[in-house]
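Participant: Take this structure first; my questions come after.
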Amino acid sequence: MGFFTSSSNDQRQIPATKPVVGSSYLLWIDGVGTYLVYLQETLKIGGPGEPGTVGCLGSAWADLSLLANLSRHHASITRSGESYFLEAKAPIFCNQRPVNDRVLLSDQAELRLNAETVITFRQPTVLSASACLELTSHHQPQQRIDGIVLLAETCLLGPSSENHVVCHDWPGTVILYRQGDQILCRSKLKIFANQEAASQGAVLTPGSLVSGPELRFRWEVVA
Amino acid sequence: MKFTFAPESKPLEGFTIKRAIDRGGFGEVYYALSDSGKEVALKLLQQNMDIELRGVTQCLNLSHPNLVTIFDVKTDRDGDHWVVMEYVSGQGLDKALHQNPNGMPMEQVRYWLSGISEGLSYLHSRGLVHRDLKPSNVFRDGEIVKIGDVGLSKFITHSRRSANTQSVGTVYYMAPEVARGRYGKEVDVYAMGVMVYEMITGVVPFEGESTAEILMKHLSEKPDLNRLPAHLRAVVGRALEKDPQKRIADIKDFKQQFEHALFQRETHTEIPENSFETPVDRIQTSSSNQSHNLNREYEDTHSKGMGSVFGKMSIPLVLCGLLFFLLFVGGGIPVVLLVIVAVLSCGGVALFGKGGQLLFGKSFAALVKGPPPISDLWDQGEKTQEHQDAKEYHQQKLEETRAFRDQSRKEAEEQRRRVREQHRRKPYYSRSLTPKTPRSISYPSRFYDLSVSMVKAVICTLVIVAGILCFTDGAIAEGFWNGTDFAPFALLTSGAIVAAWSVLLVAKMTEGKSFDNSTRRIIWLASGVIVGAIIFLIQSDVLLTTVANSQEASLRLRPFFNVIGPYALTLNNGQPSLIGYSIFFGMLFCFRRWWWHADSFRPRKFKVSSVLISVFTAYVITAVWAFPVSAALCWAAIISSVVQLSATWIPEEQRIVELKGENHV
């Protein structure tokens, strides 16, 4: 960096690579909420992007674009095996300690992105490498969501607190899991995906409606 | 919970339903997006439609940050009515109560009470009463408390306070007068009192097994205020009065009194004896004690009146004395006139009570203190004293508030520390689910799996042995196909089945249990020794045969040990002895990790490499301890294959469910 050169040139932010179709999905769960299921290994978090480029959840710069006073690319969360790392691109605190470069995230880690914006990282069960992000300070992307699931191999939806998405009134657990490039769902409950039996496993395609006893959710690809 | 409309349906023009939110007493509520992306809650009116429609229409133009805004009421093509409302995403008070089963921290109680009282106060000031205030109707949107279901509100005007045939509200929070059908804004104060009681203690004041029982308790039973902190009993008690006339009438008053009681802990307000009396109680009590009370009241009033009059009269009487003294000592007409004025003032005080005292007091002040500039000098001292008192009081309150905040902060910090500690102590489980993962498996389940596996083991063994018979030409196949000697075939088959069953039995009984490696290997060594002994007995006493090709199959290898102490491993005819069998099978079972072969959490159902390693292990054992090589390799291969094929195996994606033991799934 030269003496008269603006530092911003050196810290140019690289626009987020445009996600391939199916890299993130929305789960619309009756009586529970709306959850973003993110399939990529790295999630970029930032503030609102340029006008016109903002999607309902992301922007040209970030995969999760919160309506908060943040940099365009403020931080990244990367999955590495069964662990998650937070990479700071702007001042950020993890459990009230400043993050200089990269830090390993533990369950219930509180990520303070600025004075007001707080996200909580959760790994509710040790049986799955998937993790969740809770929008603790209620700062939302343009499309309101109740949480984010960083899907590794499996995502559990069920009544107990060990599930990634806690659905209090459900009679049992539904498992979403990867098989190659596809996402499938199965359960010991008698469930149906698009009115076809899915208890032994059924592929979820964008727009799939999964229903069962006292449960219903829709699987929707993020535009 | 079944809902009428599926996601992506558009029953109402301009809105797309994305998901269902809940079902309330008046209908289903959906989360929807308008065509331009505005999020709203759509409420489909299904029951009590006339009540709801009337209430909603009244509340259409209400706007307050603590009330859920109603945007519009629309009718769809089928004639169904929809209420378009503001969507509130946050947690409800019911969930917050659920998270604090033993009561909330006082800071949170104040937060909820403050927001609710603001919203209710606005509603009451517009002449409306909520009527259905309960925790599930109160939400938190960010930092703002919002009251929902305002559509149930009803005009409080006297003409509309009459009975409604439809009972509204939730019975736990329902004021006694609602059951009688006549109510006003006091019902909301009562419901708020119940919610505050529940927020502090974690339980509602009146519980019961049926609606009727709870209603009866609301009508007749006193709430147990002993559960509350002593300084809050009086104020919550006054909000829970049965008689709306005796209840705190205004929600803001309730909030102020609550705050006052909270910050003035030392001052305990006594609850009057006649609190929580129903009208019936009052009539009975008053009829039995009427005369006594009347007498007592008369006496009280009389004594108080006399006391007050004497109290008020004491100063003028002293002054009269002084004036009489002056009259006799000084004499003169002005003094006489003063006496007359004093006597008239005393009479006025006696006649007109407080007004007279005021008049007399002012007159006396004017006479004694003089005109205002001079009287101000008299008053200054008193005012300074009052100001000092007020300042001290203010300071005291500030100190108390500060102390309370410090204590609340400490309690919150302590709570956070406890949660962190609990979290740190959470048991750790390995992420990958392997045979080492400890888990609880019921014995019926173990026996069921074992019996199925044993049947499968027999079938698999027969298939493999059939393959040997078909594709080899050794002594076993020769004897079998010629029909001359079935014994070698029977020995191979029965030996393999006995060994496979033993492996399955031991593996299944120890599955999921956390043994250390040495213990496991001792168990397997012992079972191998027993298996060897059984096979020897089958060979020597049942089948009376020899191990095929025992001499030739030695491949001219010289094992390290032919004897163990005084006992030979082989007999004179080259056949393995009892010790030989026991050593071979004992070592085979001890050196291989057979529990990985048979465990339902093994990485793959069948691995060829496992079979090859078993064969190699058998070969190494025969190289160390004398045993027929071909028989050893054959048995090792068969046992390894049969065990893997017959033992239960759970695919990885199912293991989580199995491990969680979710029988309800």
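A note on labels: chains of the structure tokens are A, B, ... as shown, every chain counts residues from 1, and ligands are counted from 1 in their shown order.
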Given a cut-off of 8 Å, which residues of chain A touch chain B, counting only C-alpha atoms, written out as a list in words?
Facilitator: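 Matching residues, ligands excluded from the count: Trp28, Ile29, Asp30, Gly31, Val32, Gly33, Val126, Leu127, Ser128, Ala129, Ser137, His138, Thr154, Pro171, Gly172, Thr173, Tyr177, Ser187, Lys188, Leu189, Pro213, Glu214, Leu215, Phe217 and Arg218 of chain A.
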Participant: Keeping only N, CA and C atoms, write the selected residues to a file as a short mmCIF file (atom, residue, chain, number, x, y, z; two decimals), in the first residue's frame.
Facilitator:
```cif
data_model
loop_
_atom_site.label_atom_id
_atom_site.label_comp_id
_atom_site.auth_asym_id
_atom_site.auth_seq_id
_atom_site.Cartn_x
_atom_site.Cartn_y
_atom_site.Cartn_z
N TRP A 28 -40.91 -23.30 4.86
CA TRP A 28 -42.08 -22.62 5.43
C TRP A 28 -42.82 -23.65 6.27
N ILE A 29 -42.72 -23.55 7.56
CA ILE A 29 -43.27 -24.59 8.44
C ILE A 29 -44.51 -24.05 9.14
N ASP A 30 -45.62 -24.72 8.95
CA ASP A 30 -46.88 -24.28 9.57
C ASP A 30 -46.75 -24.26 11.09
N GLY A 31 -47.18 -23.18 11.68
CA GLY A 31 -47.21 -23.07 13.14
C GLY A 31 -45.84 -22.91 13.78
N VAL A 32 -44.78 -22.85 12.96
CA VAL A 32 -43.43 -22.78 13.53
C VAL A 32 -42.69 -21.53 13.04
N GLY A 33 -42.49 -21.42 11.74
CA GLY A 33 -41.78 -20.25 11.23
C GLY A 33 -41.17 -20.51 9.88
N VAL A 126 -24.88 -33.02 18.98
CA VAL A 126 -23.56 -33.47 18.54
C VAL A 126 -23.67 -34.58 17.52
N LEU A 127 -24.87 -35.02 17.27
CA LEU A 127 -25.07 -36.12 16.34
C LEU A 127 -25.09 -35.64 14.89
N SER A 128 -25.09 -34.33 14.70
CA SER A 128 -25.10 -33.81 13.35
C SER A 128 -24.14 -32.63 13.28
N ALA A 129 -23.44 -32.52 12.17
CA ALA A 129 -22.51 -31.40 12.01
C ALA A 129 -23.22 -30.13 11.57
N SER A 137 -30.85 -10.29 17.68
CA SER A 137 -31.22 -8.88 17.81
C SER A 137 -32.37 -8.49 16.88
N HIS A 138 -32.98 -9.46 16.25
CA HIS A 138 -34.15 -9.24 15.39
C HIS A 138 -33.84 -8.44 14.13
N THR A 154 -27.27 -33.65 7.64
CA THR A 154 -28.66 -33.87 8.06
C THR A 154 -29.19 -32.64 8.79
N PRO A 171 -45.52 -34.47 16.47
CA PRO A 171 -45.48 -35.73 17.23
C PRO A 171 -44.16 -36.47 17.10
N GLY A 172 -43.30 -36.10 16.18
CA GLY A 172 -42.03 -36.81 16.02
C GLY A 172 -41.08 -36.00 15.17
N THR A 173 -40.00 -36.66 14.77
CA THR A 173 -38.93 -35.96 14.05
C THR A 173 -38.98 -36.27 12.57
N TYR A 177 -31.96 -34.81 4.65
CA TYR A 177 -30.56 -35.23 4.47
C TYR A 177 -30.16 -35.17 3.01
N SER A 187 -38.89 -39.99 7.72
CA SER A 187 -39.33 -39.94 9.11
C SER A 187 -39.96 -41.26 9.48
N LYS A 188 -40.02 -41.52 10.76
CA LYS A 188 -40.76 -42.70 11.22
C LYS A 188 -42.25 -42.40 11.26
N LEU A 189 -42.58 -41.13 11.13
CA LEU A 189 -43.99 -40.77 11.05
C LEU A 189 -44.49 -41.09 9.64
N PRO A 213 -49.03 -36.20 10.13
CA PRO A 213 -49.92 -35.95 11.26
C PRO A 213 -49.48 -34.70 12.02
N GLU A 214 -50.30 -33.69 12.04
CA GLU A 214 -50.03 -32.45 12.79
C GLU A 214 -48.80 -31.70 12.28
N LEU A 215 -48.38 -31.93 11.05
CA LEU A 215 -47.24 -31.17 10.54
C LEU A 215 -47.42 -30.91 9.05
N PHE A 217 -44.97 -28.68 5.91
CA PHE A 217 -44.00 -27.64 5.52
C PHE A 217 -43.78 -27.66 4.02
N ARG A 218 -43.33 -26.52 3.54
CA ARG A 218 -43.07 -26.38 2.11
C ARG A 218 -41.60 -26.09 1.89
#
```
Participant: Please provide the set of residues having any atom within 9 Å of Leu645 of chain B, restricted to only C-alpha atoms, with same-chain residues fewer than 2 positions apart removed, written as a list of chain:residue names.
Facilitator: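 Once the nearby chain positions are removed, what remains is B:Ser453, B:Lys456, B:Ala457, B:Cys460, B:Ala598, B:Lys605, B:Phe606, B:Ser640, B:Ser641, B:Val642, B:Val643, B:Ala647, B:Thr648.
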Participant: For the residues in that selection, give me C-alpha atoms as a PDB file, in the first residue's frame.
Facilitator:
```pdb
ATOM      1  CA  SER B 453     -29.251 -63.013  13.039  1.00  0.00           C
ATOM      2  CA  LYS B 456     -29.704 -65.766   8.936  1.00  0.00           C
ATOM      3  CA  ALA B 457     -26.341 -67.228  10.037  1.00  0.00           C
ATOM      4  CA  CYS B 460     -25.602 -68.040   5.056  1.00  0.00           C
ATOM      5  CA  ALA B 598     -21.296 -57.823  14.302  1.00  0.00           C
ATOM      6  CA  LYS B 605     -22.495 -54.084   6.187  1.00  0.00           C
ATOM      7  CA  PHE B 606     -19.926 -56.321   4.483  1.00  0.00           C
ATOM      8  CA  SER B 640     -16.159 -63.713   9.110  1.00  0.00           C
ATOM      9  CA  SER B 641     -18.460 -63.776   6.067  1.00  0.00           C
ATOM     10  CA  VAL B 642     -21.410 -65.286   7.897  1.00  0.00           C
ATOM     11  CA  VAL B 643     -21.198 -62.917  10.842  1.00  0.00           C
ATOM     12  CA  ALA B 647     -25.591 -59.379  11.923  1.00  0.00           C
ATOM     13  CA  THR B 648     -27.978 -56.393  11.974  1.00  0.00           C
TER      14      THR B 648
END
```
Participant: Which value, in Å to one decimal, gives the distance between atom CA of Pro651 of chain B and atom CA of Glu82 of chain A?
Facilitator: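 Value for the atom CA of Pro651 of chain B-atom CA of Glu82 of chain A distance: 19.5 Å.
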Participant: Residues at most 10 Å from segment 110-123 of chain A, counting only C-alpha atoms, excluding those fewer than 2 positions away in the same chain, as an NGL selection string?
Facilitator: :A and (45-46 or 66-71 or 74-75 or 77 or 83-84 or 86 or 88 or 90-99 or 105-108 or 125-140 or 147-150 or 162-164)
Participant: Give me a file of those residues, with C-alpha atoms, as a PDB file, in the first residue's frame.
Facilitator:
```pdb
ATOM      1  CA  ILE A  45     -22.893 -12.166   5.989  1.00  0.00           C
ATOM      2  CA  GLY A  46     -23.228  -8.486   5.197  1.00  0.00           C
ATOM      3  CA  LEU A  66     -29.206  -8.218   6.881  1.00  0.00           C
ATOM      4  CA  LEU A  67     -30.997  -4.894   7.068  1.00  0.00           C
ATOM      5  CA  ALA A  68     -28.419  -3.531   9.483  1.00  0.00           C
ATOM      6  CA  ASN A  69     -25.563  -1.082   9.456  1.00  0.00           C
ATOM      7  CA  LEU A  70     -22.933  -3.598   8.318  1.00  0.00           C
ATOM      8  CA  SER A  71     -20.252  -3.762   5.665  1.00  0.00           C
ATOM      9  CA  HIS A  74     -18.940  -8.205   7.099  1.00  0.00           C
ATOM     10  CA  ALA A  75     -18.101 -11.776   8.062  1.00  0.00           C
ATOM     11  CA  ILE A  77     -18.922 -18.569   8.493  1.00  0.00           C
ATOM     12  CA  SER A  83     -16.313 -27.460  12.893  1.00  0.00           C
ATOM     13  CA  TYR A  84     -17.302 -23.937  11.961  1.00  0.00           C
ATOM     14  CA  LEU A  86     -15.925 -17.284  11.828  1.00  0.00           C
ATOM     15  CA  ALA A  88     -14.006 -11.361  10.296  1.00  0.00           C
ATOM     16  CA  ALA A  90     -14.923  -5.974   9.666  1.00  0.00           C
ATOM     17  CA  PRO A  91     -14.860  -5.363  13.434  1.00  0.00           C
ATOM     18  CA  ILE A  92     -16.771  -8.177  15.053  1.00  0.00           C
ATOM     19  CA  PHE A  93     -16.975  -9.746  18.505  1.00  0.00           C
ATOM     20  CA  CYS A  94     -17.413 -13.399  19.333  1.00  0.00           C
ATOM     21  CA  ASN A  95     -18.509 -14.000  22.930  1.00  0.00           C
ATOM     22  CA  GLN A  96     -17.499 -10.418  23.748  1.00  0.00           C
ATOM     23  CA  ARG A  97     -13.983 -10.904  22.439  1.00  0.00           C
ATOM     24  CA  PRO A  98     -12.803  -9.148  19.289  1.00  0.00           C
ATOM     25  CA  VAL A  99     -12.118 -11.413  16.339  1.00  0.00           C
ATOM     26  CA  LEU A 105     -17.199 -21.276  16.812  1.00  0.00           C
ATOM     27  CA  SER A 106     -18.659 -23.189  19.711  1.00  0.00           C
ATOM     28  CA  ASP A 107     -22.285 -23.870  20.561  1.00  0.00           C
ATOM     29  CA  GLN A 108     -24.186 -20.785  21.806  1.00  0.00           C
ATOM     30  CA  THR A 125     -26.932 -31.821  18.714  1.00  0.00           C
ATOM     31  CA  VAL A 126     -23.556 -33.472  18.543  1.00  0.00           C
ATOM     32  CA  LEU A 127     -25.072 -36.120  16.335  1.00  0.00           C
ATOM     33  CA  SER A 128     -25.100 -33.812  13.348  1.00  0.00           C
ATOM     34  CA  ALA A 129     -22.507 -31.400  12.014  1.00  0.00           C
ATOM     35  CA  SER A 130     -25.233 -29.006  10.858  1.00  0.00           C
ATOM     36  CA  ALA A 131     -25.517 -25.729  12.732  1.00  0.00           C
ATOM     37  CA  CYS A 132     -28.062 -22.963  13.225  1.00  0.00           C
ATOM     38  CA  LEU A 133     -27.905 -19.197  13.365  1.00  0.00           C
ATOM     39  CA  GLU A 134     -30.472 -17.288  15.418  1.00  0.00           C
ATOM     40  CA  LEU A 135     -31.130 -13.632  14.680  1.00  0.00           C
ATOM     41  CA  THR A 136     -30.952 -12.614  18.327  1.00  0.00           C
ATOM     42  CA  SER A 137     -31.224  -8.875  17.811  1.00  0.00           C
ATOM     43  CA  HIS A 138     -34.154  -9.240  15.391  1.00  0.00           C
ATOM     44  CA  HIS A 139     -32.238  -7.706  12.478  1.00  0.00           C
ATOM     45  CA  GLN A 140     -33.696  -9.409   9.470  1.00  0.00           C
ATOM     46  CA  GLY A 147     -33.486 -18.810  11.710  1.00  0.00           C
ATOM     47  CA  ILE A 148     -30.807 -20.201   9.418  1.00  0.00           C
ATOM     48  CA  VAL A 149     -29.727 -23.823   9.174  1.00  0.00           C
ATOM     49  CA  LEU A 150     -26.227 -24.449   7.843  1.00  0.00           C
ATOM     50  CA  GLU A 162     -31.910 -31.083  20.174  1.00  0.00           C
ATOM     51  CA  ASN A 163     -33.431 -30.492  16.763  1.00  0.00           C
ATOM     52  CA  HIS A 164     -32.133 -27.823  14.432  1.00  0.00           C
TER      53      HIS A 164
END
```
Participant: Taking the DSSP assignment computed from this structure's backbone, write out as number ranges by chain all residues of segment 430-654 of chain B that belong to helix (DSSP H, G or I).
Facilitator: B: 443-471, 475-482, 487-510, 517-543, 552-554, 578-591, 594-598, 608-624, 629-646, 652-654
Participant: I need the residue nearest Leu157 of chain A from this list: A:Phe192, A:Trp170, A:Phe85, A:Tyr38. Use only C-alpha atoms for the distance.
Facilitator: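 Closest residue, counting only C-alpha atoms: A:Trp170.
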Participant: Residues at most 9 Å from segment 99-102 of chain B, counting only C-alpha atoms, excluding those fewer than 2 positions away in the same chain, as a PDB file with N, CA and C atoms, in the first residue's frame?
Facilitator:
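Output (out-v2.pdb):
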```
ATOM      1  N   ASP B  94     -46.662 -16.193  26.459  1.00  0.00           N
ATOM      2  CA  ASP B  94     -46.872 -17.584  26.885  1.00  0.00           C
ATOM      3  C   ASP B  94     -45.582 -18.392  26.789  1.00  0.00           C
ATOM      4  N   LYS B  95     -44.809 -18.144  25.712  1.00  0.00           N
ATOM      5  CA  LYS B  95     -43.546 -18.879  25.569  1.00  0.00           C
ATOM      6  C   LYS B  95     -42.540 -18.395  26.607  1.00  0.00           C
ATOM      7  N   ALA B  96     -42.551 -17.084  26.856  1.00  0.00           N
ATOM      8  CA  ALA B  96     -41.633 -16.546  27.878  1.00  0.00           C
ATOM      9  C   ALA B  96     -41.960 -17.148  29.244  1.00  0.00           C
ATOM     10  N   LEU B  97     -43.250 -17.319  29.535  1.00  0.00           N
ATOM     11  CA  LEU B  97     -43.651 -17.944  30.796  1.00  0.00           C
ATOM     12  C   LEU B  97     -43.215 -19.407  30.828  1.00  0.00           C
ATOM     13  N   MET B 104     -40.563 -15.207  36.435  1.00  0.00           N
ATOM     14  CA  MET B 104     -39.592 -14.416  35.660  1.00  0.00           C
ATOM     15  C   MET B 104     -38.794 -13.507  36.588  1.00  0.00           C
ATOM     16  N   PRO B 105     -37.629 -13.065  36.115  1.00  0.00           N
ATOM     17  CA  PRO B 105     -36.941 -11.998  36.852  1.00  0.00           C
ATOM     18  C   PRO B 105     -37.822 -10.735  36.867  1.00  0.00           C
ATOM     19  N   MET B 199     -46.516 -14.249  36.095  1.00  0.00           N
ATOM     20  CA  MET B 199     -45.139 -13.908  35.725  1.00  0.00           C
ATOM     21  C   MET B 199     -44.204 -14.009  36.932  1.00  0.00           C
ATOM     22  N   ILE B 200     -44.720 -13.617  38.108  1.00  0.00           N
ATOM     23  CA  ILE B 200     -43.857 -13.619  39.297  1.00  0.00           C
ATOM     24  C   ILE B 200     -43.719 -15.032  39.870  1.00  0.00           C
ATOM     25  N   THR B 201     -44.831 -15.767  39.913  1.00  0.00           N
ATOM     26  CA  THR B 201     -44.798 -17.076  40.592  1.00  0.00           C
ATOM     27  C   THR B 201     -44.649 -18.261  39.647  1.00  0.00           C
ATOM     28  N   GLY B 202     -45.000 -18.068  38.377  1.00  0.00           N
ATOM     29  CA  GLY B 202     -44.951 -19.176  37.425  1.00  0.00           C
ATOM     30  C   GLY B 202     -46.249 -19.959  37.341  1.00  0.00           C
ATOM     31  N   VAL B 203     -47.196 -19.650  38.207  1.00  0.00           N
ATOM     32  CA  VAL B 203     -48.494 -20.356  38.156  1.00  0.00           C
ATOM     33  C   VAL B 203     -49.625 -19.317  38.200  1.00  0.00           C
TER      34      VAL B 203
END
```
